[in-house]
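The structure appears right after this line, and notes come after that.
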Amino acid sequence: MIMAMGAWGQRWLEAQLSMKNLDPSLLMWDMRRNLNPDPLPPHRVTIQFLYQDVTRGRAKWWVVIDKSGEGGVVDLCRKAPGYDVDLYVVSDLRSMTAIWMGLMTVQEALDAGKLRLTGSRQLQGSMQTWLGLSVFADEPKRVSA
């Protein structure tokens, strides 16, 4: 039932409406839950997200992916985990949410200057794949965006 409601919302609600009350915590937890570690290197990877338009205490997030154990582990941190950062992702919350929802691609955000990536070229080039979009991102829109 919940999945059907989510698919309905993605299909029929205007994108502008769903982009009004954004929450970096919800976005980051959903991204952590759906991240695809397969295209990432076999060693521990640390990615820092910085949302330039969010209050200081909620602007920085770290995702740590460690594929060395069975199945691998994806952790989300609100404080620096103490590892070297492999990729810095700088964006505004609205643009990252649009990428996550499938309303904009990583490349479109880069081209528009709404996303800046610094660090590992491999991680930059495969971000669209490892980011693991929202489960509703592929749902076709029936209303104008």
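Following the order of the structure tokens, first chain is A, next is B, and so on, with residues numbered from 1 inside each chain and ligands from 1 in the order they appear.
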key: Exercise: Ser91 of chain A partners within 7 Å, only C-alpha atoms, chain neighbours under 2 positions left out, as JSON, numbers by chain   = {"A": [50, 51, 52, 89, 93, 95, 96, 114, 115, 116]}
task = Please identify which residues in segment 11-142 of chain A DSSP calls helix (DSSP H, G or I) from the backbone, and express them as number ranges by chain.
result = A: 11-12, 15-18, 24-34, 56-59, 93-100, 106-111, 121-125, 127-130
Restricting the output to N, CA and C atoms, write the selected residues as a compact mmCIF listing (two decimals), in the first residue's frame.
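Result file follows (out15.txt):
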```txt
# COMPACT_ATOMS: atom_id res chain seq x y z
N ARG A 11 4.08 9.99 -9.63
CA ARG A 11 3.47 10.07 -10.95
C ARG A 11 2.60 11.31 -11.10
N TRP A 12 1.82 11.66 -10.07
CA TRP A 12 0.77 12.66 -10.24
C TRP A 12 0.99 14.00 -9.53
N ALA A 15 6.22 18.32 -9.24
CA ALA A 15 7.55 18.27 -8.63
C ALA A 15 7.76 19.44 -7.68
N GLN A 16 7.25 20.61 -8.03
CA GLN A 16 7.45 21.79 -7.19
C GLN A 16 6.81 21.60 -5.81
N LEU A 17 5.69 20.92 -5.76
CA LEU A 17 5.00 20.68 -4.49
C LEU A 17 5.83 19.77 -3.60
N SER A 18 6.41 18.70 -4.17
CA SER A 18 7.19 17.79 -3.35
C SER A 18 8.56 18.35 -2.99
N PRO A 24 17.15 17.59 5.17
CA PRO A 24 18.39 16.89 4.85
C PRO A 24 18.51 15.54 5.56
N SER A 25 17.94 15.41 6.75
CA SER A 25 18.00 14.13 7.47
C SER A 25 17.27 13.04 6.70
N LEU A 26 16.06 13.33 6.26
CA LEU A 26 15.29 12.34 5.52
C LEU A 26 15.98 11.97 4.21
N LEU A 27 16.49 12.98 3.51
CA LEU A 27 17.18 12.72 2.25
C LEU A 27 18.40 11.83 2.47
N MET A 28 19.22 12.17 3.45
CA MET A 28 20.46 11.41 3.68
C MET A 28 20.18 9.99 4.14
N TRP A 29 19.19 9.79 5.01
CA TRP A 29 18.86 8.43 5.45
C TRP A 29 18.33 7.60 4.29
N ASP A 30 17.54 8.21 3.42
CA ASP A 30 17.02 7.49 2.27
C ASP A 30 18.15 7.17 1.29
N MET A 31 19.07 8.12 1.09
CA MET A 31 20.21 7.87 0.22
C MET A 31 21.07 6.74 0.80
N ARG A 32 21.30 6.77 2.09
CA ARG A 32 22.11 5.72 2.73
C ARG A 32 21.46 4.35 2.54
N ARG A 33 20.16 4.29 2.70
CA ARG A 33 19.43 3.03 2.60
C ARG A 33 19.46 2.46 1.18
N ASN A 34 19.52 3.31 0.16
CA ASN A 34 19.42 2.86 -1.22
C ASN A 34 20.74 2.95 -1.99
N ARG A 56 23.86 25.35 9.87
CA ARG A 56 25.18 24.78 10.17
C ARG A 56 25.16 23.37 10.75
N GLY A 57 24.33 23.09 11.71
CA GLY A 57 24.31 21.78 12.37
C GLY A 57 23.76 20.66 11.51
N ARG A 58 23.12 20.99 10.38
CA ARG A 58 22.52 19.96 9.52
C ARG A 58 23.09 20.00 8.10
N ALA A 59 24.15 20.75 7.90
CA ALA A 59 24.69 20.95 6.55
C ALA A 59 25.68 19.87 6.11
N LEU A 93 20.34 21.81 -1.05
CA LEU A 93 19.47 20.68 -0.70
C LEU A 93 18.43 20.40 -1.79
N ARG A 94 17.91 21.42 -2.39
CA ARG A 94 16.89 21.27 -3.44
C ARG A 94 17.46 20.52 -4.65
N SER A 95 18.66 20.86 -5.07
CA SER A 95 19.26 20.20 -6.23
C SER A 95 19.57 18.74 -5.94
N MET A 96 20.12 18.45 -4.75
CA MET A 96 20.43 17.06 -4.42
C MET A 96 19.15 16.24 -4.31
N THR A 97 18.08 16.85 -3.78
CA THR A 97 16.80 16.15 -3.70
C THR A 97 16.27 15.89 -5.11
N ALA A 98 16.42 16.85 -6.01
CA ALA A 98 15.97 16.66 -7.39
C ALA A 98 16.74 15.52 -8.06
N ILE A 99 18.03 15.43 -7.80
CA ILE A 99 18.83 14.32 -8.34
C ILE A 99 18.30 13.01 -7.78
N TRP A 100 18.12 12.98 -6.47
CA TRP A 100 17.66 11.78 -5.79
C TRP A 100 16.29 11.31 -6.30
N VAL A 106 22.86 13.74 -12.35
CA VAL A 106 24.10 14.28 -11.79
C VAL A 106 24.76 15.19 -12.82
N GLN A 107 24.82 14.75 -14.08
CA GLN A 107 25.47 15.56 -15.12
C GLN A 107 24.74 16.88 -15.35
N GLU A 108 23.41 16.86 -15.34
CA GLU A 108 22.64 18.10 -15.50
C GLU A 108 22.94 19.07 -14.37
N ALA A 109 23.02 18.55 -13.15
CA ALA A 109 23.33 19.40 -11.99
C ALA A 109 24.73 19.98 -12.09
N LEU A 110 25.69 19.16 -12.54
CA LEU A 110 27.06 19.65 -12.74
C LEU A 110 27.08 20.75 -13.79
N ASP A 111 26.43 20.50 -14.92
CA ASP A 111 26.41 21.47 -16.02
C ASP A 111 25.76 22.78 -15.62
N ARG A 121 38.21 10.76 -9.10
CA ARG A 121 37.59 10.83 -10.44
C ARG A 121 36.67 9.63 -10.66
N GLN A 122 37.07 8.47 -10.15
CA GLN A 122 36.25 7.26 -10.29
C GLN A 122 34.90 7.45 -9.60
N LEU A 123 34.91 7.99 -8.39
CA LEU A 123 33.66 8.21 -7.66
C LEU A 123 32.80 9.28 -8.33
N GLN A 124 33.46 10.31 -8.85
CA GLN A 124 32.73 11.35 -9.56
C GLN A 124 32.02 10.78 -10.78
N GLY A 125 32.76 9.99 -11.57
CA GLY A 125 32.22 9.46 -12.81
C GLY A 125 31.12 8.43 -12.63
N MET A 127 28.95 8.43 -9.93
CA MET A 127 28.00 8.87 -8.90
C MET A 127 26.55 8.55 -9.25
N GLN A 128 26.16 8.73 -10.50
CA GLN A 128 24.78 8.46 -10.88
C GLN A 128 24.42 7.00 -10.61
N THR A 129 25.41 6.11 -10.69
CA THR A 129 25.17 4.68 -10.48
C THR A 129 25.17 4.32 -9.00
N TRP A 130 26.19 4.77 -8.24
CA TRP A 130 26.25 4.37 -6.82
C TRP A 130 25.28 5.13 -5.94
```
message = Between atom CA of Arg78 of chain A and atom CA of Val64 of chain A, what is the distance in Å, rounded to a tenth?
response =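 Separating atom CA of Arg78 of chain A from atom CA of Val64 of chain A is a distance of 11.2 Å.
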As an mmCIF file with N, CA and C atoms, in the first residue's frame, please: every residue in segment 3-116 of chain A that DSSP puts in strand (DSSP E).
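Result went into part17.cif, see below:
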```cif
data_model
loop_
_atom_site.group_PDB
_atom_site.id
_atom_site.type_symbol
_atom_site.label_atom_id
_atom_site.label_comp_id
_atom_site.auth_asym_id
_atom_site.auth_seq_id
_atom_site.Cartn_x
_atom_site.Cartn_y
_atom_site.Cartn_z
ATOM 1 N N VAL A 45 35.349 3.656 1.549
ATOM 2 C CA VAL A 45 35.158 4.914 0.827
ATOM 3 C C VAL A 45 34.388 5.866 1.737
ATOM 4 N N THR A 46 34.856 7.107 1.824
ATOM 5 C CA THR A 46 34.178 8.128 2.625
ATOM 6 C C THR A 46 33.778 9.277 1.707
ATOM 7 N N ILE A 47 32.500 9.624 1.763
ATOM 8 C CA ILE A 47 31.955 10.703 0.932
ATOM 9 C C ILE A 47 31.329 11.733 1.856
ATOM 10 N N GLN A 48 31.739 12.986 1.689
ATOM 11 C CA GLN A 48 31.154 14.056 2.496
ATOM 12 C C GLN A 48 30.184 14.856 1.637
ATOM 13 N N PHE A 49 28.981 15.055 2.162
ATOM 14 C CA PHE A 49 27.973 15.888 1.521
ATOM 15 C C PHE A 49 27.898 17.199 2.300
ATOM 16 N N LEU A 50 27.908 18.308 1.588
ATOM 17 C CA LEU A 50 27.758 19.625 2.207
ATOM 18 C C LEU A 50 26.630 20.354 1.490
ATOM 19 N N TYR A 51 25.603 20.693 2.248
ATOM 20 C CA TYR A 51 24.473 21.445 1.717
ATOM 21 C C TYR A 51 24.665 22.903 2.094
ATOM 22 N N LYS A 60 26.436 19.301 7.054
ATOM 23 C CA LYS A 60 27.480 18.334 6.700
ATOM 24 C C LYS A 60 27.067 16.918 7.083
ATOM 25 N N TRP A 61 27.311 15.999 6.141
ATOM 26 C CA TRP A 61 27.003 14.581 6.330
ATOM 27 C C TRP A 61 28.121 13.759 5.719
ATOM 28 N N TRP A 62 28.393 12.621 6.316
ATOM 29 C CA TRP A 62 29.395 11.708 5.777
ATOM 30 C C TRP A 62 28.756 10.345 5.569
ATOM 31 N N VAL A 63 29.036 9.748 4.417
ATOM 32 C CA VAL A 63 28.615 8.381 4.136
ATOM 33 C C VAL A 63 29.894 7.566 4.037
ATOM 34 N N VAL A 64 29.974 6.496 4.821
ATOM 35 C CA VAL A 64 31.147 5.622 4.828
ATOM 36 C C VAL A 64 30.699 4.246 4.342
ATOM 37 N N ILE A 65 31.330 3.801 3.265
ATOM 38 C CA ILE A 65 31.003 2.503 2.681
ATOM 39 C C ILE A 65 32.218 1.606 2.836
ATOM 40 N N ASP A 66 32.048 0.497 3.526
ATOM 41 C CA ASP A 66 33.152 -0.446 3.729
ATOM 42 C C ASP A 66 32.730 -1.801 3.181
ATOM 43 N N VAL A 73 29.110 -2.626 4.482
ATOM 44 C CA VAL A 73 28.391 -1.789 5.435
ATOM 45 C C VAL A 73 28.349 -0.368 4.893
ATOM 46 N N VAL A 74 27.178 0.255 4.990
ATOM 47 C CA VAL A 74 27.022 1.663 4.624
ATOM 48 C C VAL A 74 26.585 2.397 5.879
ATOM 49 N N ASP A 75 27.418 3.328 6.340
ATOM 50 C CA ASP A 75 27.116 4.110 7.538
ATOM 51 C C ASP A 75 26.880 5.560 7.169
ATOM 52 N N LEU A 76 26.021 6.217 7.920
ATOM 53 C CA LEU A 76 25.759 7.641 7.760
ATOM 54 C C LEU A 76 26.182 8.335 9.041
ATOM 55 N N CYS A 77 26.970 9.392 8.914
ATOM 56 C CA CYS A 77 27.504 10.102 10.086
ATOM 57 C C CYS A 77 27.145 11.579 10.021
ATOM 58 N N LEU A 87 35.566 11.712 -1.605
ATOM 59 C CA LEU A 87 34.794 12.568 -2.501
ATOM 60 C C LEU A 87 34.014 13.585 -1.685
ATOM 61 N N TYR A 88 34.124 14.851 -2.097
ATOM 62 C CA TYR A 88 33.337 15.928 -1.508
ATOM 63 C C TYR A 88 32.214 16.254 -2.484
ATOM 64 N N VAL A 89 30.983 16.272 -1.976
ATOM 65 C CA VAL A 89 29.805 16.588 -2.777
ATOM 66 C C VAL A 89 29.206 17.860 -2.191
ATOM 67 N N VAL A 90 29.209 18.944 -2.969
ATOM 68 C CA VAL A 90 28.702 20.232 -2.502
ATOM 69 C C VAL A 90 27.520 20.622 -3.387
ATOM 70 N N SER A 91 26.406 20.922 -2.735
ATOM 71 C CA SER A 91 25.189 21.249 -3.471
ATOM 72 C C SER A 91 24.245 21.992 -2.541
ATOM 73 N N LEU A 115 25.893 21.496 -8.601
ATOM 74 C CA LEU A 115 26.582 20.402 -7.929
ATOM 75 C C LEU A 115 28.070 20.541 -8.203
ATOM 76 N N ARG A 116 28.869 20.391 -7.159
ATOM 77 C CA ARG A 116 30.329 20.431 -7.308
ATOM 78 C C ARG A 116 30.901 19.180 -6.663
#
```
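Nearest-residue note for Glu70 of chain A: choosing from A:Pro42, A:Gly119, A:Gly102, A:Gly113, the minimum distance belongs to A:Pro42, counting only C-alpha atoms.
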message = Measuring between only C-alpha atoms, which one of A:Lys79, A:Pro41, A:Ser126, A:Leu35 shows the shortest distance to Thr105 of chain A?
response = A:Ser126
